file model_33.cif (mmCIF, C-alpha atoms)
data_my_file
loop_
_atom_site.label_atom_id
_atom_site.label_comp_id
_atom_site.auth_asym_id
_atom_site.auth_seq_id
_atom_site.Cartn_x
_atom_site.Cartn_y
_atom_site.Cartn_z
CA MET A 1 198.22 -67.81 -28.39
CA LYS A 2 201.82 -66.81 -29.16
CA ILE A 3 203.73 -68.53 -31.97
CA GLY A 4 207.42 -68.08 -32.64
CA VAL A 5 209.11 -68.30 -36.03
CA LEU A 6 212.77 -69.31 -36.14
CA ALA A 7 214.42 -66.24 -37.64
CA LEU A 8 217.99 -67.36 -38.28
CA GLN A 9 217.69 -67.51 -42.07
CA GLY A 10 215.00 -68.00 -44.69
CA ASP A 11 211.49 -66.68 -45.20
CA PHE A 12 210.46 -66.20 -41.58
CA ARG A 13 208.87 -62.80 -42.23
CA GLU A 14 206.30 -64.36 -44.55
CA HIS A 15 205.17 -66.78 -41.83
CA ILE A 16 204.91 -63.96 -39.32
CA GLY A 17 202.78 -62.01 -41.79
CA VAL A 18 200.34 -64.92 -42.19
CA LEU A 19 200.07 -65.44 -38.44
CA GLN A 20 199.34 -61.76 -37.94
CA ARG A 21 196.64 -61.90 -40.61
CA LEU A 22 195.05 -64.68 -38.57
CA GLY A 23 195.12 -62.51 -35.45
CA VAL A 24 197.85 -64.51 -33.73
CA GLU A 25 200.69 -62.95 -31.78
CA ALA A 26 203.92 -63.86 -33.59
CA CYS A 27 207.57 -63.21 -32.75
CA GLU A 28 211.01 -63.84 -34.23
CA VAL A 29 213.14 -66.47 -32.48
CA ARG A 30 216.93 -66.11 -32.57
CA LEU A 31 218.05 -67.05 -29.06
CA PRO A 32 216.88 -69.58 -26.46
CA ARG A 33 215.25 -66.86 -24.37
CA ASP A 34 212.97 -66.07 -27.33
CA LEU A 35 211.32 -69.48 -26.83
CA ASP A 36 210.03 -68.50 -23.38
CA GLY A 37 206.26 -68.26 -23.24
CA LEU A 38 205.66 -69.61 -26.74
CA ASP A 39 202.73 -71.88 -27.52
CA GLY A 40 204.34 -73.18 -30.73
CA LEU A 41 207.16 -72.72 -33.23
CA ILE A 42 207.53 -72.63 -37.02
CA ILE A 43 210.86 -73.50 -38.65
CA PRO A 44 210.72 -71.82 -42.07
CA GLY A 45 212.13 -72.57 -45.47
CA GLY A 46 215.60 -71.40 -46.41
CA GLU A 47 218.86 -73.34 -46.41
CA SER A 48 218.68 -76.26 -44.02
CA THR A 49 222.42 -76.58 -43.39
CA THR A 50 222.69 -72.90 -42.50
CA ILE A 51 219.61 -73.01 -40.28
CA GLY A 52 220.94 -76.09 -38.46
CA LYS A 53 224.43 -74.66 -37.94
CA LEU A 54 223.11 -71.34 -36.67
CA ALA A 55 220.66 -73.13 -34.36
CA GLU A 56 223.62 -75.04 -32.90
CA ARG A 57 225.77 -71.91 -32.63
CA TYR A 58 223.11 -69.97 -30.74
CA GLY A 59 222.20 -72.85 -28.43
CA LEU A 60 218.73 -73.45 -29.83
CA VAL A 61 218.82 -77.15 -30.71
CA GLU A 62 218.34 -78.60 -27.23
CA PRO A 63 215.72 -76.01 -26.14
CA ILE A 64 213.67 -76.77 -29.28
CA ARG A 65 213.96 -80.50 -28.59
CA ALA A 66 212.80 -79.84 -25.03
CA MET A 67 209.88 -77.80 -26.38
CA ILE A 68 208.87 -80.73 -28.58
CA ALA A 69 209.19 -83.15 -25.66
CA GLN A 70 206.76 -80.89 -23.76
CA LYS A 71 204.27 -81.54 -26.61
CA LYS A 72 204.36 -77.98 -27.87
CA PRO A 73 203.63 -77.86 -31.60
CA VAL A 74 206.43 -77.34 -34.11
CA TRP A 75 205.97 -77.01 -37.87
CA GLY A 76 208.79 -77.27 -40.40
CA THR A 77 208.28 -75.98 -43.96
CA CYS A 78 210.69 -76.99 -46.75
CA ALA A 79 214.13 -76.59 -45.12
CA GLY A 80 212.37 -76.66 -41.77
CA MET A 81 211.06 -80.12 -42.61
CA ILE A 82 214.64 -81.28 -43.21
CA VAL A 83 215.74 -79.86 -39.85
CA LEU A 84 212.89 -81.68 -38.07
CA ALA A 85 213.62 -85.07 -39.68
CA ARG A 86 215.44 -87.92 -37.97
CA ASP A 87 216.93 -89.23 -41.21
CA ILE A 88 218.15 -87.25 -44.23
CA GLY A 89 219.87 -90.09 -46.02
CA GLY A 90 223.10 -90.08 -44.05
CA LEU A 91 224.06 -86.48 -44.79
CA ASN A 92 226.06 -84.83 -42.03
CA GLN A 93 224.36 -81.64 -40.87
CA PRO A 94 222.83 -80.42 -37.60
CA LEU A 95 219.20 -81.49 -37.10
CA ILE A 96 216.51 -81.26 -34.46
CA GLY A 97 215.83 -84.87 -35.46
CA ALA A 98 212.48 -85.23 -33.71
CA MET A 99 210.13 -86.43 -36.47
CA ASP A 100 210.18 -90.05 -37.61
CA ILE A 101 210.53 -89.32 -41.31
CA THR A 102 213.23 -89.91 -43.91
CA VAL A 103 213.73 -86.83 -46.07
CA GLN A 104 215.60 -86.37 -49.34
CA ARG A 105 217.03 -82.90 -49.84
CA ASN A 106 216.51 -81.15 -53.20
CA ALA A 107 214.32 -84.04 -54.30
CA PHE A 108 212.94 -82.19 -57.33
CA GLY A 109 216.10 -80.54 -58.65
CA ARG A 110 217.53 -77.05 -58.59
CA GLN A 111 215.97 -73.61 -58.23
CA VAL A 112 215.03 -73.58 -61.92
CA ASP A 113 213.00 -76.75 -61.33
CA SER A 114 210.71 -75.04 -58.82
CA PHE A 115 207.02 -75.57 -59.49
CA GLU A 116 203.47 -75.15 -58.23
CA THR A 117 200.84 -77.86 -58.10
CA GLU A 118 197.41 -78.42 -56.61
CA LEU A 119 197.21 -80.89 -53.74
CA THR A 120 194.27 -82.72 -52.28
CA VAL A 121 194.64 -82.44 -48.49
CA PRO A 122 191.75 -84.15 -46.66
CA ALA A 123 193.00 -82.85 -43.29
CA LEU A 124 192.15 -79.31 -44.37
CA ALA A 125 188.47 -80.22 -44.17
CA SER A 126 188.85 -79.45 -40.45
CA VAL A 127 189.41 -75.77 -41.28
CA THR A 128 186.92 -75.56 -44.14
CA PRO A 129 183.66 -73.78 -43.23
CA PRO A 130 180.70 -76.16 -42.91
CA GLY A 131 178.83 -76.61 -46.15
CA GLN A 132 181.73 -75.53 -48.35
CA PRO A 133 183.57 -78.04 -50.57
CA LEU A 134 187.17 -78.94 -49.83
CA LYS A 135 189.30 -77.00 -52.32
CA PRO A 136 192.72 -78.13 -53.56
CA PHE A 137 195.69 -76.41 -51.94
CA THR A 138 198.10 -74.68 -54.33
CA ALA A 139 201.55 -75.74 -53.12
CA VAL A 140 204.74 -73.85 -54.00
CA PHE A 141 207.86 -76.05 -54.25
CA ILE A 142 211.25 -74.28 -54.31
CA ARG A 143 214.32 -76.55 -54.28
CA ALA A 144 212.02 -78.71 -52.25
CA PRO A 145 212.71 -81.85 -50.24
CA ALA A 146 210.46 -84.92 -50.23
CA ILE A 147 209.55 -87.47 -47.60
CA ARG A 148 210.73 -90.91 -48.69
CA ALA A 149 209.59 -92.93 -45.66
CA VAL A 150 207.54 -92.44 -42.51
CA GLY A 151 207.44 -94.17 -39.15
CA PRO A 152 204.37 -95.94 -37.75
CA GLU A 153 203.18 -92.90 -35.77
CA VAL A 154 203.33 -90.52 -38.73
CA GLU A 155 200.16 -89.54 -40.58
CA VAL A 156 200.60 -88.73 -44.28
CA LEU A 157 198.62 -85.58 -45.11
CA ALA A 158 199.39 -85.03 -48.80
CA THR A 159 201.12 -86.69 -51.73
CA LEU A 160 201.88 -85.80 -55.31
CA ASP A 161 200.21 -87.75 -58.11
CA ASP A 162 203.16 -90.18 -58.19
CA GLY A 163 202.79 -90.95 -54.49
CA THR A 164 205.65 -88.77 -53.23
CA ILE A 165 204.84 -87.66 -49.68
CA VAL A 166 204.96 -83.88 -49.27
CA ALA A 167 203.12 -83.26 -45.98
CA ALA A 168 202.89 -85.25 -42.77
CA ARG A 169 202.02 -84.99 -39.11
CA GLN A 170 203.28 -86.80 -36.03
CA GLY A 171 201.35 -85.69 -32.97
CA ASN A 172 202.49 -82.15 -32.21
CA LEU A 173 204.85 -82.08 -35.22
CA LEU A 174 203.86 -80.93 -38.71
CA ALA A 175 206.03 -81.00 -41.85
CA THR A 176 205.42 -79.67 -45.35
CA ALA A 177 207.84 -79.87 -48.26
CA PHE A 178 206.29 -76.75 -49.79
CA HIS A 179 205.77 -73.11 -48.76
CA PRO A 180 202.21 -72.33 -47.58
CA GLU A 181 203.36 -68.88 -46.48
CA LEU A 182 203.97 -67.87 -50.11
CA THR A 183 200.30 -68.15 -51.06
CA ASP A 184 197.13 -66.31 -50.03
CA ASP A 185 195.62 -69.59 -48.81
CA LEU A 186 195.72 -69.51 -45.01
CA ARG A 187 194.40 -73.01 -44.41
CA PHE A 188 197.66 -74.77 -43.52
CA HIS A 189 198.44 -72.13 -40.91
CA GLN A 190 194.87 -72.46 -39.61
CA TYR A 191 195.32 -76.24 -39.48
CA PHE A 192 198.55 -75.84 -37.49
CA LEU A 193 196.89 -73.46 -35.05
CA THR A 194 193.59 -75.27 -34.52
CA GLN A 195 194.40 -78.95 -35.05
CA VAL A 196 198.07 -79.32 -34.10
CA ALA A 197 198.53 -76.53 -31.56
CA LEU A 198 195.10 -77.03 -29.99
CA PRO A 199 194.06 -80.57 -30.97
CA SER A 200 191.53 -80.90 -28.15
CA THR A 201 189.82 -77.55 -28.73
CA PRO A 202 186.33 -77.79 -30.26
CA ARG A 203 185.75 -76.02 -33.55
CA ASN A 204 183.66 -73.23 -32.08
CA GLY A 205 185.25 -70.28 -33.85
CA GLN A 206 187.41 -69.41 -30.82
CA ASN A 207 190.44 -71.59 -31.61
CA THR A 208 192.78 -68.76 -32.52
#
call {"tool": "encode", "arguments": {"input": "model_33.cif", "output": "structure tokens"}}
result
Amino acid sequence: MKIGVLALQGDFREHIGVLQRLGVEACEVRLPRDLDGLDGLIIPGGESTTIGKLAERYGLVEPIRAMIAQKKPVWGTCAGMIVLARDIGGLNQPLIGAMDITVQRNAFGRQVDSFETELTVPALASVTPPGQPLKPFTAVFIRAPAIRAVGPEVEVLATLDDGTIVAARQGNLLATAFHPELTDDLRFHQYFLTQVALPSTPRNGQNT
């Protein structure tokens, strides 16, 4: 398996580091040719307007949309979630616009309002060893967005205590408002690899 990480801006190196820890071949994506031969793509956190404008400038928007149409998995974290969304409240900025979610940018305030919290994520049971309890996932929110509405094909994966949606999946698309790559917990990356990227593969220890 070979996973690309969009490397136009943001914390792409951290995602690549996690993928490598999991034994997955990972590469930086900056131009359309970098998408060739990939089995999936991660759009990292950073500044969503900058990521979208650079993706347009370097001719990446349509190839990524084509990749999604081919049912290849794409995961957006924080700013990447904004870029994946179809609706960001009427704001004018370049988007991939493939996931049927409405996202509010900077939903929790400024940088100084960043926070960590523990989330209950039932979907992570699929990457929890048999016989072990499902542990909360410590989520890091940095100038984070939030999902305000989802379409009928979208599965909500995690919410805050007040019901705010912070993780969702739509087929081959995954979105998280937080930064799993900034923790030592590898489960969200494992979930992406084994449940989104290879949804039909049995859990036999050979998924990655």
call {"tool": "residues_around", "arguments": {"input": "model_33.cif", "residues": "Lys71 in chain A", "least_positions_apart": "5", "cutoff": "9 Å", "atoms": "all atoms listed in the file", "output": "ChimeraX atom specification"}}
result
/A:66,171-173
call {"tool": "residues_around", "arguments": {"input": "model_33.cif", "residues": "Ile147 in chain A", "least_positions_apart": "3", "cutoff": "7 Å", "atoms": "all atoms listed in the file", "output": "PyMOL selection string"}}
result
chain A and resi 101-104+164-166
call {"tool": "resolve_selection", "arguments": {"input": "model_33.cif", "expression": "the PyMOL selection byres ((chain A and resi 44) around 8)", "output": "PDB file with C-alpha atoms, in the frame of the given file"}}
result
ATOM      1  CA  VAL A   5     209.110 -68.300 -36.030  1.00  0.00           C
ATOM      2  CA  LEU A   6     212.770 -69.310 -36.140  1.00  0.00           C
ATOM      3  CA  GLY A  10     215.000 -68.000 -44.690  1.00  0.00           C
ATOM      4  CA  ASP A  11     211.490 -66.680 -45.200  1.00  0.00           C
ATOM      5  CA  PHE A  12     210.460 -66.200 -41.580  1.00  0.00           C
ATOM      6  CA  HIS A  15     205.170 -66.780 -41.830  1.00  0.00           C
ATOM      7  CA  ILE A  42     207.530 -72.630 -37.020  1.00  0.00           C
ATOM      8  CA  ILE A  43     210.860 -73.500 -38.650  1.00  0.00           C
ATOM      9  CA  GLY A  45     212.130 -72.570 -45.470  1.00  0.00           C
ATOM     10  CA  GLY A  46     215.600 -71.400 -46.410  1.00  0.00           C
ATOM     11  CA  GLY A  76     208.790 -77.270 -40.400  1.00  0.00           C
ATOM     12  CA  THR A  77     208.280 -75.980 -43.960  1.00  0.00           C
ATOM     13  CA  CYS A  78     210.690 -76.990 -46.750  1.00  0.00           C
ATOM     14  CA  ALA A  79     214.130 -76.590 -45.120  1.00  0.00           C
ATOM     15  CA  GLY A  80     212.370 -76.660 -41.770  1.00  0.00           C
TER      16      GLY A  80
END
call {"tool": "atom_distance", "arguments": {"input": "model_33.cif", "atom1": "CA of Val83 in chain A", "atom2": "CA of Ala125 in chain A"}}
result
27.6 Å
call {"tool": "resolve_selection", "arguments": {"input": "model_33.cif", "expression": "the PyMOL selection byres ((chain A and resi 64) around 12)", "output": "PyMOL selection string"}}
result
chain A and resi 4-6+29-36+38+40-43+52+55-56+58-63+65-75+83-84+95-98+173
call {"tool": "atom_distance", "arguments": {"input": "model_33.cif", "atom1": "CA of Lys2 in chain A", "atom2": "CA of Glu25 in chain A"}}
result
4.8 Å
call {"tool": "resolve_selection", "arguments": {"input": "model_33.cif", "expression": "the PyMOL selection byres ((chain A and resi 136-144) around 8)", "output": "list in words"}}
result
Cys78, Ala79, Arg105, Asn106, Ala107, Phe108, Gly109, Arg110, Gln111, Asp113, Ser114, Phe115, Glu116, Thr117, Glu118, Leu119, Thr120, Val121, Leu134, Lys135, Pro145, Ala146, Ala177, Phe178, His179, Pro180, Leu182, Thr183 and Asp185 of chain A
call {"tool": "atom_distance", "arguments": {"input": "model_33.cif", "atom1": "CA of Thr176 in chain A", "atom2": "CA of Leu157 in chain A"}}
result
9.0 Å
call {"tool": "axis_aligned_box", "arguments": {"input": "model_33.cif", "around": "range 23-35 of chain A", "padding_each_side": "6 Å", "output": "lines of an AutoDock Vina configuration file"}}
result
center_x = 206.6
center_y = -66.0
center_z = -29.9
size_x = 34.9
size_y = 19.1
size_z = 23.1
call {"tool": "closest_residue", "arguments": {"input": "model_33.cif", "among": "A:Gly23, A:Gly17, A:Gly151, A:Pro133", "to": "Asp87 in chain A", "atoms": "all atoms listed in the file"}}
result
A:Gly151
call {"tool": "closest_residue", "arguments": {"input": "model_33.cif", "among": "A:Val156, A:Met1, A:Leu174, A:Leu54", "to": "Pro94 in chain A", "atoms": "all atoms listed in the file"}}
result
A:Leu54
call {"tool": "build_atoms", "arguments": {"input": "model_33.cif", "residues": "range 45-58 of chain A", "atoms": "N, CA, C and O atoms", "output": "PDB file, in the frame of the given file"}}
result
ATOM      1  N   GLY A  45     211.263 -72.188 -44.372  1.00  0.00           N
ATOM      2  CA  GLY A  45     212.130 -72.570 -45.470  1.00  0.00           C
ATOM      3  C   GLY A  45     213.356 -71.665 -45.535  1.00  0.00           C
ATOM      4  O   GLY A  45     213.406 -70.600 -44.928  1.00  0.00           O
ATOM      5  N   GLY A  46     214.334 -72.112 -46.288  1.00  0.00           N
ATOM      6  CA  GLY A  46     215.600 -71.400 -46.410  1.00  0.00           C
ATOM      7  C   GLY A  46     216.665 -72.388 -46.831  1.00  0.00           C
ATOM      8  O   GLY A  46     216.456 -73.189 -47.747  1.00  0.00           O
ATOM      9  N   GLU A  47     217.791 -72.391 -46.134  1.00  0.00           N
ATOM     10  CA  GLU A  47     218.860 -73.340 -46.410  1.00  0.00           C
ATOM     11  C   GLU A  47     219.063 -74.170 -45.154  1.00  0.00           C
ATOM     12  O   GLU A  47     219.496 -73.656 -44.128  1.00  0.00           O
ATOM     13  N   SER A  48     218.753 -75.444 -45.239  1.00  0.00           N
ATOM     14  CA  SER A  48     218.680 -76.260 -44.020  1.00  0.00           C
ATOM     15  C   SER A  48     220.018 -76.384 -43.298  1.00  0.00           C
ATOM     16  O   SER A  48     220.052 -76.403 -42.061  1.00  0.00           O
ATOM     17  N   THR A  49     221.113 -76.481 -44.040  1.00  0.00           N
ATOM     18  CA  THR A  49     222.420 -76.580 -43.390  1.00  0.00           C
ATOM     19  C   THR A  49     222.721 -75.326 -42.603  1.00  0.00           C
ATOM     20  O   THR A  49     223.180 -75.382 -41.450  1.00  0.00           O
ATOM     21  N   THR A  50     222.452 -74.164 -43.184  1.00  0.00           N
ATOM     22  CA  THR A  50     222.690 -72.900 -42.500  1.00  0.00           C
ATOM     23  C   THR A  50     221.803 -72.767 -41.275  1.00  0.00           C
ATOM     24  O   THR A  50     222.271 -72.371 -40.194  1.00  0.00           O
ATOM     25  N   ILE A  51     220.530 -73.097 -41.422  1.00  0.00           N
ATOM     26  CA  ILE A  51     219.610 -73.010 -40.280  1.00  0.00           C
ATOM     27  C   ILE A  51     220.094 -73.919 -39.148  1.00  0.00           C
ATOM     28  O   ILE A  51     220.124 -73.519 -37.979  1.00  0.00           O
ATOM     29  N   GLY A  52     220.483 -75.163 -39.476  1.00  0.00           N
ATOM     30  CA  GLY A  52     220.940 -76.090 -38.460  1.00  0.00           C
ATOM     31  C   GLY A  52     222.208 -75.627 -37.764  1.00  0.00           C
ATOM     32  O   GLY A  52     222.319 -75.697 -36.535  1.00  0.00           O
ATOM     33  N   LYS A  53     223.176 -75.121 -38.531  1.00  0.00           N
ATOM     34  CA  LYS A  53     224.430 -74.660 -37.940  1.00  0.00           C
ATOM     35  C   LYS A  53     224.220 -73.445 -37.047  1.00  0.00           C
ATOM     36  O   LYS A  53     224.805 -73.343 -35.957  1.00  0.00           O
ATOM     37  N   LEU A  54     223.375 -72.521 -37.491  1.00  0.00           N
ATOM     38  CA  LEU A  54     223.110 -71.340 -36.670  1.00  0.00           C
ATOM     39  C   LEU A  54     222.324 -71.716 -35.413  1.00  0.00           C
ATOM     40  O   LEU A  54     222.561 -71.150 -34.334  1.00  0.00           O
ATOM     41  N   ALA A  55     221.398 -72.673 -35.537  1.00  0.00           N
ATOM     42  CA  ALA A  55     220.660 -73.130 -34.360  1.00  0.00           C
ATOM     43  C   ALA A  55     221.614 -73.739 -33.332  1.00  0.00           C
ATOM     44  O   ALA A  55     221.467 -73.521 -32.115  1.00  0.00           O
ATOM     45  N   GLU A  56     222.600 -74.487 -33.796  1.00  0.00           N
ATOM     46  CA  GLU A  56     223.620 -75.040 -32.900  1.00  0.00           C
ATOM     47  C   GLU A  56     224.445 -73.924 -32.277  1.00  0.00           C
ATOM     48  O   GLU A  56     224.683 -73.899 -31.071  1.00  0.00           O
ATOM     49  N   ARG A  57     224.891 -72.981 -33.099  1.00  0.00           N
ATOM     50  CA  ARG A  57     225.770 -71.910 -32.630  1.00  0.00           C
ATOM     51  C   ARG A  57     225.108 -71.078 -31.541  1.00  0.00           C
ATOM     52  O   ARG A  57     225.755 -70.678 -30.572  1.00  0.00           O
ATOM     53  N   TYR A  58     223.806 -70.828 -31.698  1.00  0.00           N
ATOM     54  CA  TYR A  58     223.110 -69.970 -30.740  1.00  0.00           C
ATOM     55  C   TYR A  58     222.399 -70.760 -29.640  1.00  0.00           C
ATOM     56  O   TYR A  58     221.598 -70.199 -28.895  1.00  0.00           O
TER      57      TYR A  58
END
